[in-house]
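See below for run_36.txt, which holds compact mmCIF, C-alpha atoms.
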```txt
# COMPACT_ATOMS: atom_id res chain seq x y z
CA MET A 1 -32.08 -18.92 -94.40
CA ALA A 2 -32.42 -17.06 -91.13
CA LEU A 3 -31.31 -18.74 -87.87
CA LYS A 4 -34.07 -19.56 -85.48
CA LYS A 5 -33.87 -17.56 -82.25
CA GLU A 6 -33.88 -19.49 -79.03
CA PRO A 7 -36.60 -18.42 -76.67
CA GLU A 8 -35.44 -16.24 -73.72
CA LYS A 9 -34.85 -18.15 -70.52
CA HIS A 10 -37.17 -17.38 -67.69
CA VAL A 11 -35.41 -15.55 -64.80
CA ASN A 12 -35.47 -17.56 -61.57
CA HIS A 13 -36.36 -15.19 -58.76
CA GLU A 14 -36.02 -17.87 -56.04
CA ARG A 15 -32.24 -18.40 -56.20
CA TRP A 16 -31.89 -16.52 -52.90
CA LEU A 17 -33.36 -19.56 -51.17
CA VAL A 18 -30.13 -21.46 -51.84
CA SER A 19 -28.01 -18.82 -50.11
CA TYR A 20 -30.53 -18.58 -47.30
CA ALA A 21 -30.44 -22.34 -46.77
CA ASP A 22 -26.63 -22.28 -46.66
CA PHE A 23 -26.76 -19.47 -44.12
CA ILE A 24 -29.22 -21.35 -41.89
CA THR A 25 -27.06 -24.47 -42.07
CA LEU A 26 -23.93 -22.56 -41.06
CA LEU A 27 -25.80 -20.80 -38.25
CA PHE A 28 -27.04 -24.12 -36.94
CA ALA A 29 -23.49 -25.49 -37.02
CA VAL A 30 -22.23 -22.46 -35.06
CA PHE A 31 -24.81 -22.98 -32.32
CA VAL A 32 -24.00 -26.67 -32.12
CA VAL A 33 -20.29 -25.83 -31.66
CA LEU A 34 -21.09 -23.19 -29.02
CA TYR A 35 -23.28 -25.65 -27.14
CA ALA A 36 -20.54 -28.27 -27.20
CA MET A 37 -17.99 -25.73 -25.93
CA GLY A 38 -20.36 -24.67 -23.17
CA GLN A 39 -20.71 -28.24 -21.97
CA SER A 40 -16.92 -28.64 -21.98
CA ASP A 41 -16.42 -25.41 -20.01
CA LYS A 42 -18.99 -26.53 -17.45
CA GLN A 43 -17.06 -29.72 -16.90
CA LYS A 44 -13.81 -27.79 -16.52
CA VAL A 45 -15.42 -25.41 -14.03
CA GLU A 46 -16.59 -28.34 -11.94
CA GLU A 47 -13.07 -29.78 -11.98
CA ILE A 48 -11.57 -26.43 -10.93
CA MET A 49 -14.09 -26.05 -8.08
CA LYS A 50 -13.27 -29.53 -6.85
CA SER A 51 -9.56 -28.75 -6.94
CA ILE A 52 -10.06 -25.51 -4.97
CA GLN A 53 -12.15 -27.28 -2.35
CA GLU A 54 -9.47 -29.92 -1.90
CA SER A 55 -6.78 -27.23 -1.64
CA PHE A 56 -8.67 -25.50 1.19
CA GLY A 57 -9.29 -28.76 3.02
CA MET A 58 -12.94 -29.15 2.00
CA ALA A 59 -14.14 -32.65 1.14
CA THR A 60 -17.51 -32.97 -0.63
CA ALA A 61 -19.47 -35.29 1.63
CA GLY A 62 -22.62 -34.86 -0.41
CA ALA A 63 -23.92 -33.15 -3.49
CA SER A 64 -25.31 -30.18 -1.56
CA SER A 65 -23.06 -29.26 1.33
CA PRO A 66 -19.26 -29.51 1.47
CA LYS A 67 -17.62 -30.82 4.61
CA ILE A 68 -14.69 -28.85 6.00
CA ASN A 69 -11.75 -30.97 7.06
CA VAL A 70 -10.19 -30.42 10.45
CA ILE A 71 -6.69 -28.93 10.09
CA ASP A 72 -3.95 -30.47 12.15
CA SER A 73 -2.78 -27.86 14.66
CA GLN A 74 0.77 -29.18 14.45
CA SER A 75 0.99 -28.08 10.82
CA ILE A 76 0.24 -24.43 11.61
CA THR A 77 3.29 -22.18 11.32
CA VAL A 78 3.93 -18.55 12.18
CA ILE A 79 3.30 -16.05 9.39
CA PRO A 80 6.59 -14.47 8.24
CA SER A 81 7.37 -10.92 9.26
CA LEU A 82 6.05 -8.12 7.08
CA LYS A 83 9.25 -6.16 7.42
CA PRO A 84 11.18 -5.61 4.18
CA GLU A 85 14.17 -7.83 3.62
CA ILE A 86 17.52 -6.14 4.15
CA ARG A 87 19.80 -6.33 1.14
CA ILE A 88 23.56 -6.23 1.57
CA ASN A 89 25.03 -3.07 0.12
CA PRO A 90 28.71 -2.07 0.37
CA MET A 91 27.60 1.53 0.85
CA GLY A 92 26.46 2.70 4.27
CA GLN A 93 27.70 0.64 7.23
CA SER A 94 25.86 0.86 10.55
CA ARG A 95 27.39 1.30 13.98
CA SER A 96 26.95 -2.42 14.68
CA GLY A 97 29.04 -3.30 11.64
CA GLN A 98 26.11 -4.48 9.53
CA ARG A 99 25.88 -3.01 6.06
CA LYS A 100 22.68 -1.25 5.20
CA SER A 101 21.08 -0.76 1.81
CA ARG A 102 19.43 2.34 0.45
CA ALA A 103 15.66 2.21 0.24
CA GLU A 104 14.20 2.91 -3.19
CA GLU A 105 10.60 3.40 -4.28
CA ARG A 106 9.87 -0.32 -4.14
CA ASP A 107 11.19 -0.45 -0.57
CA PHE A 108 9.10 2.60 0.34
CA ARG A 109 6.00 0.75 -0.81
CA GLN A 110 6.95 -2.33 1.20
CA ILE A 111 7.57 -0.29 4.34
CA LYS A 112 4.30 1.58 3.86
CA SER A 113 2.35 -1.67 3.48
CA ALA A 114 4.02 -3.25 6.53
CA VAL A 115 3.39 -0.24 8.78
CA GLU A 116 -0.20 0.18 7.59
CA ALA A 117 -0.87 -3.50 8.31
CA TYR A 118 0.50 -3.05 11.82
CA LEU A 119 -1.57 0.11 12.37
CA LEU A 120 -4.70 -1.72 11.24
CA LYS A 121 -3.96 -4.58 13.63
CA GLN A 122 -3.44 -2.17 16.53
CA GLY A 123 -6.40 0.04 15.62
CA ALA A 124 -4.08 3.04 15.33
CA GLN A 125 -4.92 4.17 11.79
CA SER A 126 -6.06 7.57 13.06
CA LYS A 127 -2.73 8.28 14.76
CA VAL A 128 -0.38 7.85 11.78
CA THR A 129 -0.62 8.50 8.05
CA LEU A 130 1.89 7.42 5.41
CA GLU A 131 2.55 8.93 2.02
CA ILE A 132 5.10 8.35 -0.75
CA THR A 133 6.17 11.48 -2.63
CA ARG A 134 9.18 12.63 -4.64
CA ARG A 135 10.87 13.41 -1.32
CA GLY A 136 10.53 9.79 -0.23
CA LEU A 137 8.41 8.14 2.47
CA ILE A 138 6.63 10.54 4.83
CA VAL A 139 5.26 9.14 8.10
CA SER A 140 3.09 11.72 9.86
CA LEU A 141 2.77 11.25 13.62
CA LYS A 142 -0.31 13.16 14.70
CA GLU A 143 -0.16 15.19 17.90
CA ALA A 144 -3.19 13.45 19.45
CA GLY A 145 -1.42 10.10 19.47
CA PHE A 146 2.08 11.18 20.53
CA PHE A 147 2.05 14.50 22.42
CA ASP A 148 -0.11 16.29 24.93
CA SER A 149 -1.44 19.65 23.81
CA GLY A 150 1.23 22.34 24.10
CA GLN A 151 3.90 19.81 25.18
CA ALA A 152 6.93 18.36 23.40
CA THR A 153 7.48 15.22 25.49
CA ILE A 154 6.51 11.96 23.79
CA LYS A 155 3.71 10.12 25.57
CA PRO A 156 4.89 6.86 27.20
CA GLU A 157 2.02 4.93 25.63
CA ALA A 158 3.24 5.99 22.17
CA TYR A 159 6.64 4.32 22.46
CA ASP A 160 5.49 0.91 21.17
CA LEU A 161 4.10 2.49 18.03
CA ILE A 162 7.21 4.61 17.46
CA ASN A 163 9.47 1.62 18.07
CA THR A 164 7.71 -0.49 15.44
CA ILE A 165 7.86 2.27 12.83
CA ALA A 166 11.47 3.17 13.59
CA GLU A 167 12.60 -0.47 13.60
CA VAL A 168 11.47 -0.88 10.00
CA MET A 169 12.77 2.46 8.74
CA THR A 170 16.20 2.30 10.38
CA GLN A 171 17.07 -0.91 8.51
CA TYR A 172 18.13 1.36 5.64
CA ASN A 173 20.76 4.07 5.38
CA ASN A 174 18.55 6.76 3.87
CA PRO A 175 18.78 10.14 5.58
CA LEU A 176 15.99 10.80 8.06
CA ARG A 177 14.40 14.16 8.80
CA LEU A 178 12.07 14.91 11.68
CA GLU A 179 9.90 17.93 10.92
CA GLY A 180 7.67 19.50 13.55
CA HIS A 181 4.45 21.27 12.58
CA THR A 182 1.70 23.10 14.48
CA ASP A 183 -1.59 24.80 13.71
CA ASN A 184 -1.98 28.58 13.62
CA ILE A 185 -3.21 28.95 17.19
CA PRO A 186 -0.55 31.04 19.01
CA ILE A 187 1.23 29.65 22.06
CA SER A 188 3.08 31.70 24.64
CA THR A 189 4.54 29.89 27.64
CA SER A 190 7.79 30.13 29.51
CA GLN A 191 8.97 26.94 27.78
CA PHE A 192 7.58 27.68 24.31
CA PRO A 193 7.23 31.39 23.54
CA SER A 194 5.86 30.57 20.07
CA ASN A 195 4.98 27.71 17.77
CA TRP A 196 8.51 27.80 16.41
CA GLU A 197 9.94 26.52 19.68
CA LEU A 198 7.16 23.95 20.15
CA SER A 199 7.49 22.44 16.67
CA THR A 200 11.29 22.36 16.87
CA ALA A 201 11.28 20.81 20.36
CA ARG A 202 8.97 18.00 19.27
CA ALA A 203 11.13 17.18 16.27
CA THR A 204 14.31 17.34 18.35
CA ASN A 205 12.91 15.04 21.05
CA GLY A 206 12.00 12.53 18.37
CA LEU A 207 15.51 12.75 16.94
CA LYS A 208 17.10 12.15 20.35
CA TYR A 209 14.88 9.15 20.96
CA LEU A 210 15.88 7.54 17.66
CA LEU A 211 19.57 8.19 18.23
CA LYS A 212 19.41 6.71 21.71
CA ASN A 213 17.39 3.60 20.95
CA PHE A 214 18.12 2.69 17.32
CA ASP A 215 21.05 2.17 15.00
CA VAL A 216 20.93 5.58 13.34
CA ASP A 217 23.86 7.44 11.82
CA ALA A 218 23.99 10.89 13.46
CA ASN A 219 25.36 12.27 10.18
CA LYS A 220 22.18 11.25 8.38
CA ILE A 221 19.47 12.49 10.71
CA SER A 222 18.23 16.04 11.32
CA ALA A 223 15.40 17.90 13.01
CA THR A 224 13.62 21.10 12.11
CA GLY A 225 10.50 23.03 13.06
CA TYR A 226 8.14 24.76 10.67
CA ALA A 227 5.57 26.06 13.17
CA GLU A 228 2.28 26.71 11.34
CA PHE A 229 3.81 27.64 7.99
CA ARG A 230 3.60 24.29 6.16
CA PRO A 231 0.04 23.13 6.74
CA ILE A 232 -1.50 20.13 5.00
CA ALA A 233 -5.07 21.24 5.75
CA GLU A 234 -7.02 24.44 6.34
CA ASN A 235 -6.67 25.96 9.80
CA THR A 236 -10.23 27.22 9.67
CA THR A 237 -11.75 24.06 11.22
CA PRO A 238 -10.84 21.94 14.28
CA GLU A 239 -10.34 18.92 12.02
CA GLY A 240 -7.93 20.81 9.78
CA ARG A 241 -5.94 22.15 12.71
CA ALA A 242 -5.70 18.63 14.17
CA LYS A 243 -4.16 17.40 10.89
CA ASN A 244 -1.60 20.20 10.92
CA ARG A 245 -0.39 19.39 14.45
CA ARG A 246 2.08 16.65 13.62
CA VAL A 247 5.69 15.50 13.42
CA ASP A 248 6.73 14.14 10.02
CA LEU A 249 9.36 11.43 9.92
CA VAL A 250 10.72 11.71 6.38
CA MET A 251 12.82 8.96 4.83
CA LEU A 252 14.52 10.83 2.00
CA SER A 253 14.93 9.45 -1.49
CA ALA A 254 18.18 9.79 -3.40
CA ASP A 255 16.88 12.80 -5.35
CA ALA A 256 15.61 14.54 -2.23
CA GLU A 257 18.86 13.92 -0.39
CA HIS A 258 20.79 15.89 -2.98
CA GLY A 259 18.12 18.52 -3.46
CA GLU A 260 17.38 19.50 0.14
CA PRO A 261 19.61 21.20 2.70
```

As C-alpha cells, please, write out the structure in this file.
Amino acid sequence: MALKKEPEKHVNHERWLVSYADFITLLFAVFVVLYAMGQSDKQKVEEIMKSIQESFGMATAGASSPKINVIDSQSITVIPSLKPEIRINPMGQSRSGQRKSRAEERDFRQIKSAVEAYLLKQGAQSKVTLEITRRGLIVSLKEAGFFDSGQATIKPEAYDLINTIAEVMTQYNNPLRLEGHTDNIPISTSQFPSNWELSTARATNGLKYLLKNFDVDANKISATGYAEFRPIAENTTPEGRAKNRRVDLVMLSADAEHGEP
C-alpha cells in the first residue's frame, strides 16, 4: 500500500517582519541610551561650569548673570621671572665663581619665549628677531633699533634692550658670536672705507660692551663682519636691505661650537 504524501507547506513570505521588529526594538533602545547619556553629560557640564566660575571668583547671583567677586588686593603676588632657571653644572665656571650650565635646545626655546615676551611688552618686536637653528639661538639686532645709518656706535636708547637680552643669554656658558652684516649699498668714509669695516666695527663694539658689563668669558666670545655677503633678504627693495643691516648675536649649540672656527 502506498504511503500518503503530506501536502507541501505553504511558504511564509512575512518572516522578515520578525527581524524588522527586532531591529526597530534595538534601535529604540539605542536612542533611549543615547538620550540618557546626553542628560548625564549635560549635568556634568553644568557642574564643570560651576566649578570654573568658583575657581575664577565668580559667584552665580542669579540664573542669568554671574556676579564677579572682588579679589583681595593683599593676595596678589608678583608674577615670577620669565628668565630660564640656571642649573648647576661642574663645567664652565664664571668669573664671579658661579658655575654655569650649557644651554641646550630646550633652553634656547625658553630664552626665545622670554625675550619675545619682553619685546612684546616693550613694543620692540620690529627691532629684534629670534630664530633657533642648528647653529643655536640667533638674535638679530636690526640696525634701525641699535645704530645710526653708517655708524658703529650703539645708540644710548638701545642699552636697556641689549641689557635684557644679554642678561638672559649670559647665564649660560655657550660660546657667543657677534656677526655684523650690511646691505649692498657701498660706503666710503674716512672711518669706514667699505662695508667690511662697518660690519666688523659694529660686531666688535657689541663684543666690548658685553665683556665690560656682563659676566662673559673672553675665551668664548668672538666678533666678525660679513659685510653684504650673507644676506637674509633680497637687496633689491628697501625692506630687504633693512633686514640685511643687522648684528646677529649667536648663542652656539654644542654641534656648532665644534663645527665652526

Measuring between all atoms listed in the file, which one of A:Thr164, A:Thr189, A:Thr236, A:Arg230 shows the shortest distance to A:Phe214?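 Result for the nearest residue to A:Phe214: A:Thr164.
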
With distances taken over only C-alpha atoms, which of A:Thr153, A:Arg177, A:Ser140, A:Ala124 is nearest to A:Asn219?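 So, comparing all the options, the nearest one is A:Arg177.
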
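Rounded to one decimal, atom CA of A:Glu116 and atom CA of A:Leu178 lie 19.6 Å from each other.
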
Using only C-alpha atoms, which residue out of A:Val115, A:Leu137, A:Ala201, A:Gln191 lies closest to A:Leu161? A:Val115

So which one's closest to A:Pro175, A:Leu17, A:Ile24, A:Ala36, A:Ala254? Using all atoms listed in the file, please. A:Ala254

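Interatomic distance, atom CA of A:Leu252 against atom CA of A:Glu104: 9.5 Å.
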
Between atom CA of A:Asn235 and atom CA of A:Arg134, measure the distance and give it in Å to one decimal.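 That distance, rounded to one decimal, is 25.2 Å.
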
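Shortest separation to A:Arg102 among A:Ser194, A:Thr224, A:Ser253, A:Asn163 occurs at residue A:Ser253, atoms counted being only C-alpha atoms.
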
If you count only C-alpha atoms, which residues fall within 10 Å of A:Ile221, apart from same-chain ones fewer than 2 positions away, as a PDB file with C-alpha atoms, keeping the file's coordinate frame?
```pdb
ATOM      1  CA  ASN A 174      18.550   6.760   3.870  1.00  0.00           C
ATOM      2  CA  PRO A 175      18.780  10.140   5.580  1.00  0.00           C
ATOM      3  CA  LEU A 176      15.990  10.800   8.060  1.00  0.00           C
ATOM      4  CA  ARG A 177      14.400  14.160   8.800  1.00  0.00           C
ATOM      5  CA  LEU A 178      12.070  14.910  11.680  1.00  0.00           C
ATOM      6  CA  LEU A 207      15.510  12.750  16.940  1.00  0.00           C
ATOM      7  CA  LYS A 208      17.100  12.150  20.350  1.00  0.00           C
ATOM      8  CA  LEU A 210      15.880   7.540  17.660  1.00  0.00           C
ATOM      9  CA  LEU A 211      19.570   8.190  18.230  1.00  0.00           C
ATOM     10  CA  VAL A 216      20.930   5.580  13.340  1.00  0.00           C
ATOM     11  CA  ASP A 217      23.860   7.440  11.820  1.00  0.00           C
ATOM     12  CA  ALA A 218      23.990  10.890  13.460  1.00  0.00           C
ATOM     13  CA  ASN A 219      25.360  12.270  10.180  1.00  0.00           C
ATOM     14  CA  ALA A 223      15.400  17.900  13.010  1.00  0.00           C
ATOM     15  CA  VAL A 250      10.720  11.710   6.380  1.00  0.00           C
ATOM     16  CA  MET A 251      12.820   8.960   4.830  1.00  0.00           C
TER      17      MET A 251
END
```

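In terms of minimum interatomic distance to A:Lys220, A:Asn173 ranks closest within A:His258, A:Phe192, A:Asn173, A:Ala152, counting only C-alpha atoms.
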
Could you work out an axis-aligned bounding box for all listed atoms of stretch 116-121 of chain A, with 6 Å added on each of the six sides, and give its centre and edge lengths in Å to one decimal, as lines of an AutoDock Vina configuration file?
```
center_x = -2.1
center_y = -2.2
center_z = 10.6
size_x = 17.2
size_y = 16.8
size_z = 18.0
```
